[in-house]
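Asks: The file below is data_3.cif, mmCIF, N, CA and C atoms:
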```
data_query
loop_
_atom_site.label_atom_id
_atom_site.label_comp_id
_atom_site.auth_asym_id
_atom_site.auth_seq_id
_atom_site.Cartn_x
_atom_site.Cartn_y
_atom_site.Cartn_z
N MET A 70 69.91 49.60 53.25
CA MET A 70 69.88 48.51 54.18
C MET A 70 71.19 47.74 54.05
N ASP A 71 71.86 47.57 55.16
CA ASP A 71 73.17 46.92 55.18
C ASP A 71 73.03 45.56 55.86
N LEU A 72 73.24 44.47 55.10
CA LEU A 72 73.12 43.12 55.64
C LEU A 72 74.49 42.62 56.06
N SER A 73 74.53 42.00 57.24
CA SER A 73 75.79 41.42 57.69
C SER A 73 76.00 40.07 56.99
N ALA A 74 77.23 39.57 57.07
CA ALA A 74 77.56 38.29 56.44
C ALA A 74 76.74 37.16 57.06
N THR A 75 76.55 37.22 58.38
CA THR A 75 75.79 36.14 59.03
C THR A 75 74.33 36.15 58.58
N THR A 76 73.77 37.33 58.36
CA THR A 76 72.39 37.40 57.87
C THR A 76 72.29 36.77 56.48
N ILE A 77 73.28 37.01 55.66
CA ILE A 77 73.28 36.41 54.31
C ILE A 77 73.36 34.89 54.40
N TRP A 78 74.20 34.39 55.33
CA TRP A 78 74.29 32.94 55.52
C TRP A 78 72.93 32.37 55.93
N TRP A 79 72.26 33.03 56.89
CA TRP A 79 70.97 32.53 57.37
C TRP A 79 69.91 32.58 56.27
N VAL A 80 69.90 33.63 55.49
CA VAL A 80 68.94 33.73 54.38
C VAL A 80 69.21 32.63 53.36
N ALA A 81 70.48 32.40 53.04
CA ALA A 81 70.83 31.33 52.09
C ALA A 81 70.40 29.97 52.63
N ALA A 82 70.58 29.74 53.94
CA ALA A 82 70.15 28.47 54.54
C ALA A 82 68.63 28.33 54.44
N GLY A 83 67.91 29.40 54.69
CA GLY A 83 66.46 29.36 54.56
C GLY A 83 66.01 29.08 53.14
N ILE A 84 66.69 29.66 52.17
CA ILE A 84 66.36 29.40 50.77
C ILE A 84 66.63 27.94 50.43
N ALA A 85 67.72 27.39 50.94
CA ALA A 85 68.03 25.97 50.68
C ALA A 85 66.96 25.07 51.29
N VAL A 86 66.48 25.40 52.50
CA VAL A 86 65.43 24.60 53.13
C VAL A 86 64.14 24.71 52.31
N ALA A 87 63.80 25.92 51.88
CA ALA A 87 62.60 26.10 51.06
C ALA A 87 62.71 25.33 49.75
N ALA A 88 63.88 25.34 49.14
CA ALA A 88 64.08 24.60 47.90
C ALA A 88 63.94 23.09 48.14
N GLU A 89 64.42 22.62 49.28
CA GLU A 89 64.27 21.21 49.61
C GLU A 89 62.80 20.86 49.77
N LEU A 90 62.05 21.71 50.44
CA LEU A 90 60.62 21.45 50.63
C LEU A 90 59.88 21.43 49.29
N ALA A 91 60.32 22.27 48.37
CA ALA A 91 59.66 22.34 47.06
C ALA A 91 60.04 21.17 46.15
N THR A 92 61.27 20.65 46.29
CA THR A 92 61.74 19.61 45.38
C THR A 92 61.83 18.22 46.00
N GLY A 93 61.92 18.13 47.31
CA GLY A 93 62.07 16.84 47.97
C GLY A 93 63.47 16.28 47.90
N THR A 94 64.44 17.08 47.52
CA THR A 94 65.84 16.64 47.44
C THR A 94 66.46 16.79 48.82
N PHE A 95 66.54 15.66 49.54
CA PHE A 95 66.97 15.71 50.93
C PHE A 95 68.39 16.24 51.08
N TYR A 96 69.21 16.08 50.06
CA TYR A 96 70.59 16.54 50.15
C TYR A 96 70.66 18.06 50.29
N LEU A 97 69.64 18.78 49.86
CA LEU A 97 69.62 20.23 50.05
C LEU A 97 69.61 20.58 51.54
N LEU A 98 69.04 19.72 52.37
CA LEU A 98 69.08 19.97 53.82
C LEU A 98 70.51 19.87 54.35
N MET A 99 71.30 18.98 53.78
CA MET A 99 72.70 18.87 54.19
C MET A 99 73.45 20.14 53.79
N PHE A 100 73.12 20.66 52.62
CA PHE A 100 73.70 21.92 52.16
C PHE A 100 73.27 23.06 53.09
N ALA A 101 72.01 23.05 53.50
CA ALA A 101 71.50 24.08 54.43
C ALA A 101 72.22 24.00 55.77
N LEU A 102 72.55 22.78 56.22
CA LEU A 102 73.33 22.64 57.46
C LEU A 102 74.69 23.33 57.32
N GLY A 103 75.31 23.15 56.18
CA GLY A 103 76.58 23.82 55.93
C GLY A 103 76.43 25.33 55.94
N LEU A 104 75.38 25.83 55.31
CA LEU A 104 75.15 27.28 55.31
C LEU A 104 74.90 27.80 56.73
N GLY A 105 74.17 27.04 57.52
CA GLY A 105 73.95 27.42 58.92
C GLY A 105 75.25 27.40 59.71
N ALA A 106 76.11 26.44 59.43
CA ALA A 106 77.42 26.39 60.10
C ALA A 106 78.26 27.60 59.72
N GLY A 107 78.14 28.04 58.47
CA GLY A 107 78.84 29.27 58.05
C GLY A 107 78.34 30.47 58.82
N ALA A 108 77.04 30.53 59.07
CA ALA A 108 76.47 31.63 59.86
C ALA A 108 76.99 31.58 61.30
N VAL A 109 77.01 30.40 61.88
CA VAL A 109 77.51 30.27 63.26
C VAL A 109 78.99 30.67 63.32
N ALA A 110 79.75 30.28 62.32
CA ALA A 110 81.17 30.67 62.27
C ALA A 110 81.29 32.20 62.21
N GLY A 111 80.40 32.85 61.48
CA GLY A 111 80.39 34.31 61.44
C GLY A 111 80.06 34.91 62.79
N HIS A 112 79.11 34.31 63.49
CA HIS A 112 78.75 34.79 64.83
C HIS A 112 79.91 34.61 65.81
N LEU A 113 80.74 33.59 65.57
CA LEU A 113 81.90 33.35 66.44
C LEU A 113 83.09 34.23 66.10
N GLY A 114 82.94 35.08 65.07
CA GLY A 114 83.98 36.04 64.73
C GLY A 114 84.98 35.59 63.69
N MET A 115 84.73 34.49 63.01
CA MET A 115 85.64 34.05 61.96
C MET A 115 85.53 34.98 60.76
N GLY A 116 86.59 35.04 60.01
CA GLY A 116 86.60 35.85 58.79
C GLY A 116 85.81 35.17 57.68
N THR A 117 85.67 35.87 56.57
CA THR A 117 84.89 35.34 55.46
C THR A 117 85.43 34.02 54.94
N SER A 118 86.75 33.92 54.77
CA SER A 118 87.31 32.66 54.26
C SER A 118 87.10 31.52 55.27
N GLY A 119 87.19 31.79 56.55
CA GLY A 119 86.93 30.78 57.57
C GLY A 119 85.48 30.32 57.55
N GLN A 120 84.56 31.27 57.35
CA GLN A 120 83.14 30.92 57.27
C GLN A 120 82.87 30.02 56.07
N ILE A 121 83.52 30.34 54.95
CA ILE A 121 83.32 29.53 53.74
C ILE A 121 83.88 28.12 53.94
N VAL A 122 85.04 28.04 54.57
CA VAL A 122 85.64 26.72 54.81
C VAL A 122 84.75 25.90 55.75
N VAL A 123 84.27 26.51 56.83
CA VAL A 123 83.40 25.80 57.78
C VAL A 123 82.13 25.33 57.07
N ALA A 124 81.53 26.22 56.28
CA ALA A 124 80.30 25.85 55.56
C ALA A 124 80.56 24.69 54.61
N ALA A 125 81.66 24.75 53.88
CA ALA A 125 81.96 23.69 52.91
C ALA A 125 82.24 22.37 53.60
N VAL A 126 83.02 22.40 54.69
CA VAL A 126 83.36 21.16 55.39
C VAL A 126 82.11 20.53 56.00
N VAL A 127 81.27 21.35 56.66
CA VAL A 127 80.06 20.80 57.29
C VAL A 127 79.10 20.26 56.23
N ALA A 128 78.90 21.00 55.14
CA ALA A 128 78.00 20.53 54.09
C ALA A 128 78.51 19.24 53.46
N ALA A 129 79.80 19.17 53.18
CA ALA A 129 80.37 17.97 52.58
C ALA A 129 80.29 16.78 53.54
N ALA A 130 80.61 17.01 54.81
CA ALA A 130 80.56 15.93 55.79
C ALA A 130 79.13 15.43 55.99
N ALA A 131 78.18 16.36 56.09
CA ALA A 131 76.78 15.96 56.27
C ALA A 131 76.28 15.18 55.06
N THR A 132 76.64 15.63 53.87
CA THR A 132 76.23 14.94 52.65
C THR A 132 76.85 13.55 52.58
N ALA A 133 78.13 13.45 52.89
CA ALA A 133 78.80 12.14 52.85
C ALA A 133 78.21 11.20 53.89
N LEU A 134 77.98 11.68 55.11
CA LEU A 134 77.39 10.84 56.15
C LEU A 134 76.01 10.35 55.74
N TRP A 135 75.19 11.24 55.20
CA TRP A 135 73.84 10.84 54.78
C TRP A 135 73.92 9.82 53.64
N HIS A 136 74.83 10.04 52.70
CA HIS A 136 74.98 9.11 51.58
C HIS A 136 75.38 7.72 52.07
N PHE A 137 76.34 7.65 52.96
CA PHE A 137 76.80 6.35 53.46
C PHE A 137 75.75 5.69 54.34
N LYS A 138 74.99 6.48 55.09
CA LYS A 138 73.90 5.92 55.89
C LYS A 138 72.86 5.29 54.98
N ARG A 139 72.48 5.97 53.92
CA ARG A 139 71.48 5.43 52.99
C ARG A 139 72.01 4.21 52.23
N ALA A 140 73.30 4.21 51.91
CA ALA A 140 73.87 3.09 51.17
C ALA A 140 73.88 1.81 52.01
N ARG A 141 73.93 1.95 53.33
CA ARG A 141 73.97 0.77 54.21
C ARG A 141 72.58 0.20 54.47
N GLN A 142 71.52 0.97 54.18
CA GLN A 142 70.17 0.48 54.41
C GLN A 142 69.81 -0.55 53.35
N PRO A 143 69.06 -1.58 53.74
CA PRO A 143 68.67 -2.57 52.74
C PRO A 143 67.72 -1.96 51.71
N ARG A 144 67.86 -2.40 50.48
CA ARG A 144 66.98 -1.93 49.41
C ARG A 144 65.61 -2.57 49.57
N SER A 145 64.58 -1.81 49.29
CA SER A 145 63.24 -2.38 49.36
C SER A 145 62.96 -3.17 48.08
N ALA A 146 62.03 -4.07 48.18
CA ALA A 146 61.66 -4.88 47.02
C ALA A 146 61.02 -3.99 45.97
N PRO A 147 61.07 -4.40 44.70
CA PRO A 147 60.40 -3.62 43.66
C PRO A 147 58.90 -3.53 43.96
N PRO A 148 58.24 -2.47 43.51
CA PRO A 148 56.82 -2.27 43.87
C PRO A 148 55.91 -3.45 43.54
N GLU A 149 56.17 -4.16 42.44
CA GLU A 149 55.27 -5.25 42.06
C GLU A 149 55.36 -6.44 43.02
N SER A 150 56.41 -6.53 43.83
CA SER A 150 56.52 -7.63 44.79
C SER A 150 56.76 -7.15 46.21
N ASN A 151 56.42 -5.90 46.49
CA ASN A 151 56.63 -5.30 47.82
C ASN A 151 55.31 -5.25 48.57
N ARG A 152 55.20 -5.95 49.66
CA ARG A 152 53.98 -5.99 50.47
C ARG A 152 53.62 -4.60 51.02
N ASP A 153 54.60 -3.74 51.22
CA ASP A 153 54.32 -2.39 51.70
C ASP A 153 53.59 -1.56 50.65
N VAL A 154 53.75 -1.90 49.38
CA VAL A 154 53.12 -1.16 48.29
C VAL A 154 51.84 -1.86 47.84
N ASN A 155 51.87 -3.19 47.76
CA ASN A 155 50.76 -3.96 47.23
C ASN A 155 50.34 -5.00 48.26
N LEU A 156 49.18 -4.81 48.84
CA LEU A 156 48.72 -5.70 49.91
C LEU A 156 48.32 -7.08 49.43
N ASP A 157 48.30 -7.30 48.10
CA ASP A 157 47.99 -8.64 47.57
C ASP A 157 49.15 -9.60 47.78
N ILE A 158 50.37 -9.09 47.92
CA ILE A 158 51.53 -9.95 48.08
C ILE A 158 51.38 -10.77 49.36
N GLY A 159 51.58 -12.07 49.22
CA GLY A 159 51.49 -12.97 50.37
C GLY A 159 50.11 -13.58 50.55
N GLU A 160 49.11 -13.07 49.86
CA GLU A 160 47.76 -13.65 49.97
C GLU A 160 47.74 -15.03 49.32
N ARG A 161 46.79 -15.84 49.71
CA ARG A 161 46.72 -17.21 49.21
C ARG A 161 45.54 -17.36 48.25
N VAL A 162 45.76 -18.14 47.21
CA VAL A 162 44.72 -18.46 46.23
C VAL A 162 44.74 -19.96 45.96
N GLN A 163 43.62 -20.47 45.48
CA GLN A 163 43.51 -21.89 45.15
C GLN A 163 43.56 -22.03 43.65
N VAL A 164 44.50 -22.86 43.15
CA VAL A 164 44.62 -23.14 41.73
C VAL A 164 44.04 -24.53 41.47
N GLU A 165 43.02 -24.56 40.62
CA GLU A 165 42.38 -25.85 40.29
C GLU A 165 43.23 -26.63 39.29
N ALA A 166 43.73 -25.93 38.26
CA ALA A 166 44.54 -26.62 37.24
C ALA A 166 45.38 -25.58 36.51
N TRP A 167 46.54 -26.01 36.06
CA TRP A 167 47.42 -25.16 35.26
C TRP A 167 47.24 -25.50 33.79
N GLY A 168 47.24 -24.49 32.93
CA GLY A 168 47.14 -24.71 31.49
C GLY A 168 48.47 -25.13 30.92
N SER A 169 48.45 -25.58 29.68
CA SER A 169 49.68 -26.02 29.03
C SER A 169 50.65 -24.87 28.79
N ASP A 170 50.14 -23.64 28.77
CA ASP A 170 51.00 -22.46 28.59
C ASP A 170 51.56 -21.93 29.91
N GLY A 171 51.31 -22.64 31.01
CA GLY A 171 51.85 -22.24 32.31
C GLY A 171 51.04 -21.18 33.02
N THR A 172 49.79 -20.98 32.58
CA THR A 172 48.92 -20.01 33.24
C THR A 172 47.72 -20.72 33.84
N ALA A 173 47.03 -20.01 34.71
CA ALA A 173 45.82 -20.54 35.33
C ALA A 173 44.86 -19.39 35.56
N ARG A 174 43.57 -19.72 35.65
CA ARG A 174 42.55 -18.75 36.03
C ARG A 174 42.19 -19.04 37.48
N VAL A 175 42.26 -18.03 38.33
CA VAL A 175 41.98 -18.21 39.75
C VAL A 175 40.96 -17.17 40.21
N ASN A 176 40.17 -17.56 41.20
CA ASN A 176 39.25 -16.63 41.84
C ASN A 176 39.99 -15.91 42.95
N TYR A 177 39.99 -14.59 42.87
CA TYR A 177 40.67 -13.80 43.90
C TYR A 177 39.96 -12.47 44.02
N ARG A 178 39.64 -12.07 45.21
CA ARG A 178 38.93 -10.81 45.49
C ARG A 178 37.65 -10.69 44.67
N GLY A 179 36.92 -11.79 44.55
CA GLY A 179 35.61 -11.76 43.92
C GLY A 179 35.60 -11.73 42.41
N THR A 180 36.72 -11.98 41.77
CA THR A 180 36.76 -11.97 40.30
C THR A 180 37.78 -12.98 39.81
N GLN A 181 37.78 -13.22 38.51
CA GLN A 181 38.73 -14.14 37.89
C GLN A 181 40.01 -13.38 37.54
N TRP A 182 41.15 -13.94 37.88
CA TRP A 182 42.46 -13.39 37.55
C TRP A 182 43.23 -14.41 36.74
N THR A 183 44.09 -13.92 35.88
CA THR A 183 45.03 -14.80 35.19
C THR A 183 46.30 -14.83 36.02
N ALA A 184 46.82 -16.02 36.22
CA ALA A 184 48.01 -16.17 37.04
C ALA A 184 49.06 -16.95 36.27
N ARG A 185 50.30 -16.71 36.62
CA ARG A 185 51.40 -17.50 36.08
C ARG A 185 52.29 -17.89 37.25
N LEU A 186 53.11 -18.90 37.00
CA LEU A 186 54.01 -19.39 38.05
C LEU A 186 55.24 -18.51 38.18
N GLN A 187 55.70 -18.42 39.39
CA GLN A 187 56.98 -17.77 39.64
C GLN A 187 58.05 -18.66 39.00
N PRO A 188 59.07 -18.07 38.36
CA PRO A 188 60.11 -18.89 37.75
C PRO A 188 60.71 -19.89 38.75
N GLY A 189 60.85 -21.12 38.30
CA GLY A 189 61.43 -22.17 39.13
C GLY A 189 60.42 -22.95 39.95
N ALA A 190 59.15 -22.50 39.95
CA ALA A 190 58.12 -23.20 40.73
C ALA A 190 57.50 -24.29 39.88
N SER A 191 57.00 -25.33 40.54
CA SER A 191 56.37 -26.44 39.81
C SER A 191 54.87 -26.19 39.66
N ALA A 192 54.33 -26.56 38.50
CA ALA A 192 52.92 -26.33 38.18
C ALA A 192 52.08 -27.46 38.73
N ALA A 193 51.66 -27.34 39.96
CA ALA A 193 50.80 -28.34 40.58
C ALA A 193 49.56 -27.63 41.13
N PRO A 194 48.39 -28.25 41.02
CA PRO A 194 47.20 -27.61 41.58
C PRO A 194 47.30 -27.54 43.10
N GLY A 195 46.51 -26.68 43.68
CA GLY A 195 46.48 -26.55 45.13
C GLY A 195 46.64 -25.11 45.55
N GLU A 196 46.96 -24.93 46.83
CA GLU A 196 47.09 -23.58 47.38
C GLU A 196 48.41 -22.95 46.95
N HIS A 197 48.33 -21.70 46.51
CA HIS A 197 49.50 -20.94 46.10
C HIS A 197 49.48 -19.58 46.79
N ARG A 198 50.63 -18.96 46.82
CA ARG A 198 50.82 -17.66 47.45
C ARG A 198 51.18 -16.65 46.36
N VAL A 199 50.58 -15.45 46.44
CA VAL A 199 50.87 -14.38 45.48
C VAL A 199 52.23 -13.80 45.83
N THR A 200 53.17 -13.85 44.88
CA THR A 200 54.50 -13.30 45.11
C THR A 200 54.71 -11.96 44.43
N ALA A 201 53.88 -11.66 43.42
CA ALA A 201 53.99 -10.38 42.71
C ALA A 201 52.70 -10.15 41.94
N VAL A 202 52.47 -8.90 41.61
CA VAL A 202 51.36 -8.52 40.74
C VAL A 202 51.98 -7.73 39.60
N GLU A 203 51.88 -8.27 38.39
CA GLU A 203 52.45 -7.62 37.21
C GLU A 203 51.30 -7.22 36.31
N GLY A 204 50.94 -5.95 36.35
CA GLY A 204 49.77 -5.48 35.61
C GLY A 204 48.54 -6.13 36.19
N ASN A 205 47.79 -6.89 35.38
CA ASN A 205 46.61 -7.59 35.90
C ASN A 205 46.85 -9.10 35.99
N TRP A 206 48.11 -9.49 36.11
CA TRP A 206 48.50 -10.88 36.29
C TRP A 206 49.00 -11.10 37.71
N LEU A 207 48.61 -12.22 38.28
CA LEU A 207 49.17 -12.63 39.57
C LEU A 207 50.34 -13.57 39.29
N VAL A 208 51.41 -13.39 40.01
CA VAL A 208 52.55 -14.31 39.94
C VAL A 208 52.47 -15.16 41.21
N LEU A 209 52.42 -16.47 41.04
CA LEU A 209 52.17 -17.38 42.15
C LEU A 209 53.35 -18.32 42.39
N ALA A 210 53.47 -18.72 43.64
CA ALA A 210 54.42 -19.77 44.05
C ALA A 210 53.64 -20.74 44.92
N PRO A 211 53.97 -22.02 44.86
CA PRO A 211 53.27 -22.98 45.72
C PRO A 211 53.37 -22.57 47.18
N SER A 212 52.27 -22.76 47.88
CA SER A 212 52.24 -22.42 49.30
C SER A 212 53.15 -23.36 50.05
N SER A 213 53.78 -22.90 51.10
CA SER A 213 54.73 -23.74 51.85
C SER A 213 54.02 -24.78 52.69
N SER A 214 52.68 -24.75 52.73
CA SER A 214 51.95 -25.71 53.55
C SER A 214 51.77 -27.05 52.85
N HIS A 215 52.29 -27.19 51.59
CA HIS A 215 52.20 -28.47 50.88
C HIS A 215 53.04 -29.51 51.54
#
```
Kindly transcribe the structure held in the file into structure tokens.
Replies:
Amino acid sequence: MDLSATTIWWVAAGIAVAAELATGTFYLLMFALGLGAGAVAGHLGMGTSGQIVVAAVVAAAATALWHFKRARQPRSAPPESNRDVNLDIGERVQVEAWGSDGTARVNYRGTQWTARLQPGASAAPGEHRVTAVEGNWLVLAPSSSH
């Protein structure tokens, strides 16, 4: 069985896509784009060195573009304070009194939780907003409705 250069490029691109699906490394798709570009260059009649150059340039350009696109996107909040991860963030609780150690016991979701103040917040009773969940502790900040 005699495989042409373009067939080898297409098989390599398919392997790169399969590897990306198995590992979740999105940059492998950029590499697969380069391999596909090498195959197209072979179909257009370029020599082996031209195919390699086209594949390398396309893969490098796609990788660089994807890297710069991701770098410009805003970073998401850490999981303990990200509303997309933890639906408790932003919920309101009533604090009856703060202890001398800066903690309080609050009723939330039908049970008692231990809460602490967000750094820089003042310890006053009243309505507070959940800003983070650290383990089984609620981190609270005074509600803006004060």
Asks: When the PyMOL selection byres ((chain A and resi 174) around 8) is applied to the structure above, which residues does it catch, written out as a PyMOL selection string?
Replies: chain A and resi 163-168+172-173+175-177+180-185
Asks: Please return, as a ChimeraX atom specification, all residues of segment 83-210 of chain A that DSSP assigns to strand (DSSP E) on the basis of the backbone.
Replies: /A:161-164,172-177,180-186,195-203,206-210
Asks: Take the point (53.8, -15.0, 38.5) in the file's coordinates, draw a sphere of radius 6 Å around it, and report as an NGL selection string every protein, DNA or RNA residue with an atom inside or on it, counting all atoms listed in the file.
Replies: :A and (184-187 or 201 or 207-209)
Asks: Distance atom C of Ala106 of chain A-atom CA of Val123 of chain A, one decimal place?
Replies: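 Interatomic distance, atom C of Ala106 of chain A to atom CA of Val123 of chain A: 5.8 Å.
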Asks: Measuring between only C-alpha atoms, which one of A:Thr76, A:Phe95, A:Gly204, A:Pro194 shows the shortest distance to His136 of chain A?
Replies: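 Under the stated criterion, the closest residue is A:Phe95.
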Asks: Which one is closest to Leu102 of chain A: A:Gln142, A:Gly116, A:Val86, A:Asp157? Count all atoms listed in the file.
Replies: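 Residue with the minimum atom-to-atom distance to Leu102 of chain A: A:Val86.
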Asks: List, as a list in words, every residue that the PyMOL selection byres (((chain A and resi 75 and name CA) around 9) and name CA) selects in the file provided.
Replies: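 Here the PyMOL selection byres (((chain A and resi 75 and name CA) around 9) and name CA) matches Leu72, Ser73, Ala74, Thr76, Ile77, Trp78, Trp79, Val80, Gly105, Gly107, Ala108, Val109, Ala110, Gly111 and His112 of chain A.
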Asks: In Å, how far is it from atom CA of Ser150 of chain A to atom CA of Tyr96 of chain A?
Replies: 28.5 Å
Asks: Under the PyMOL selection byres ((chain A and resi 124-131) around 5), which residues of this model are included? Write them out as a VMD selection string.
Replies: chain A and resid 99 to 100 103 to 104 106 to 107 120 to 123 132 to 135
Asks: Take the residues just selected and output them with N, CA and C atoms as a PDB file, in the frame of the given file.
Replies:
```pdb
ATOM      1  N   MET A  99      71.300  18.980  53.780  1.00  0.00           N
ATOM      2  CA  MET A  99      72.700  18.870  54.190  1.00  0.00           C
ATOM      3  C   MET A  99      73.450  20.140  53.790  1.00  0.00           C
ATOM      4  N   PHE A 100      73.120  20.660  52.620  1.00  0.00           N
ATOM      5  CA  PHE A 100      73.700  21.920  52.160  1.00  0.00           C
ATOM      6  C   PHE A 100      73.270  23.060  53.090  1.00  0.00           C
ATOM      7  N   GLY A 103      75.310  23.150  56.180  1.00  0.00           N
ATOM      8  CA  GLY A 103      76.580  23.820  55.930  1.00  0.00           C
ATOM      9  C   GLY A 103      76.430  25.330  55.940  1.00  0.00           C
ATOM     10  N   LEU A 104      75.380  25.830  55.310  1.00  0.00           N
ATOM     11  CA  LEU A 104      75.150  27.280  55.310  1.00  0.00           C
ATOM     12  C   LEU A 104      74.900  27.800  56.730  1.00  0.00           C
ATOM     13  N   ALA A 106      76.110  26.440  59.430  1.00  0.00           N
ATOM     14  CA  ALA A 106      77.420  26.390  60.100  1.00  0.00           C
ATOM     15  C   ALA A 106      78.260  27.600  59.720  1.00  0.00           C
ATOM     16  N   GLY A 107      78.140  28.040  58.470  1.00  0.00           N
ATOM     17  CA  GLY A 107      78.840  29.270  58.050  1.00  0.00           C
ATOM     18  C   GLY A 107      78.340  30.470  58.820  1.00  0.00           C
ATOM     19  N   GLN A 120      84.560  31.270  57.350  1.00  0.00           N
ATOM     20  CA  GLN A 120      83.140  30.920  57.270  1.00  0.00           C
ATOM     21  C   GLN A 120      82.870  30.020  56.070  1.00  0.00           C
ATOM     22  N   ILE A 121      83.520  30.340  54.950  1.00  0.00           N
ATOM     23  CA  ILE A 121      83.320  29.530  53.740  1.00  0.00           C
ATOM     24  C   ILE A 121      83.880  28.120  53.940  1.00  0.00           C
ATOM     25  N   VAL A 122      85.040  28.040  54.570  1.00  0.00           N
ATOM     26  CA  VAL A 122      85.640  26.720  54.810  1.00  0.00           C
ATOM     27  C   VAL A 122      84.750  25.900  55.750  1.00  0.00           C
ATOM     28  N   VAL A 123      84.270  26.510  56.830  1.00  0.00           N
ATOM     29  CA  VAL A 123      83.400  25.800  57.780  1.00  0.00           C
ATOM     30  C   VAL A 123      82.130  25.330  57.070  1.00  0.00           C
ATOM     31  N   THR A 132      76.640  15.630  53.870  1.00  0.00           N
ATOM     32  CA  THR A 132      76.230  14.940  52.650  1.00  0.00           C
ATOM     33  C   THR A 132      76.850  13.550  52.580  1.00  0.00           C
ATOM     34  N   ALA A 133      78.130  13.450  52.890  1.00  0.00           N
ATOM     35  CA  ALA A 133      78.800  12.140  52.850  1.00  0.00           C
ATOM     36  C   ALA A 133      78.210  11.200  53.890  1.00  0.00           C
ATOM     37  N   LEU A 134      77.980  11.680  55.110  1.00  0.00           N
ATOM     38  CA  LEU A 134      77.390  10.840  56.150  1.00  0.00           C
ATOM     39  C   LEU A 134      76.010  10.350  55.740  1.00  0.00           C
ATOM     40  N   TRP A 135      75.190  11.240  55.200  1.00  0.00           N
ATOM     41  CA  TRP A 135      73.840  10.840  54.780  1.00  0.00           C
ATOM     42  C   TRP A 135      73.920   9.820  53.640  1.00  0.00           C
TER      43      TRP A 135
END
```
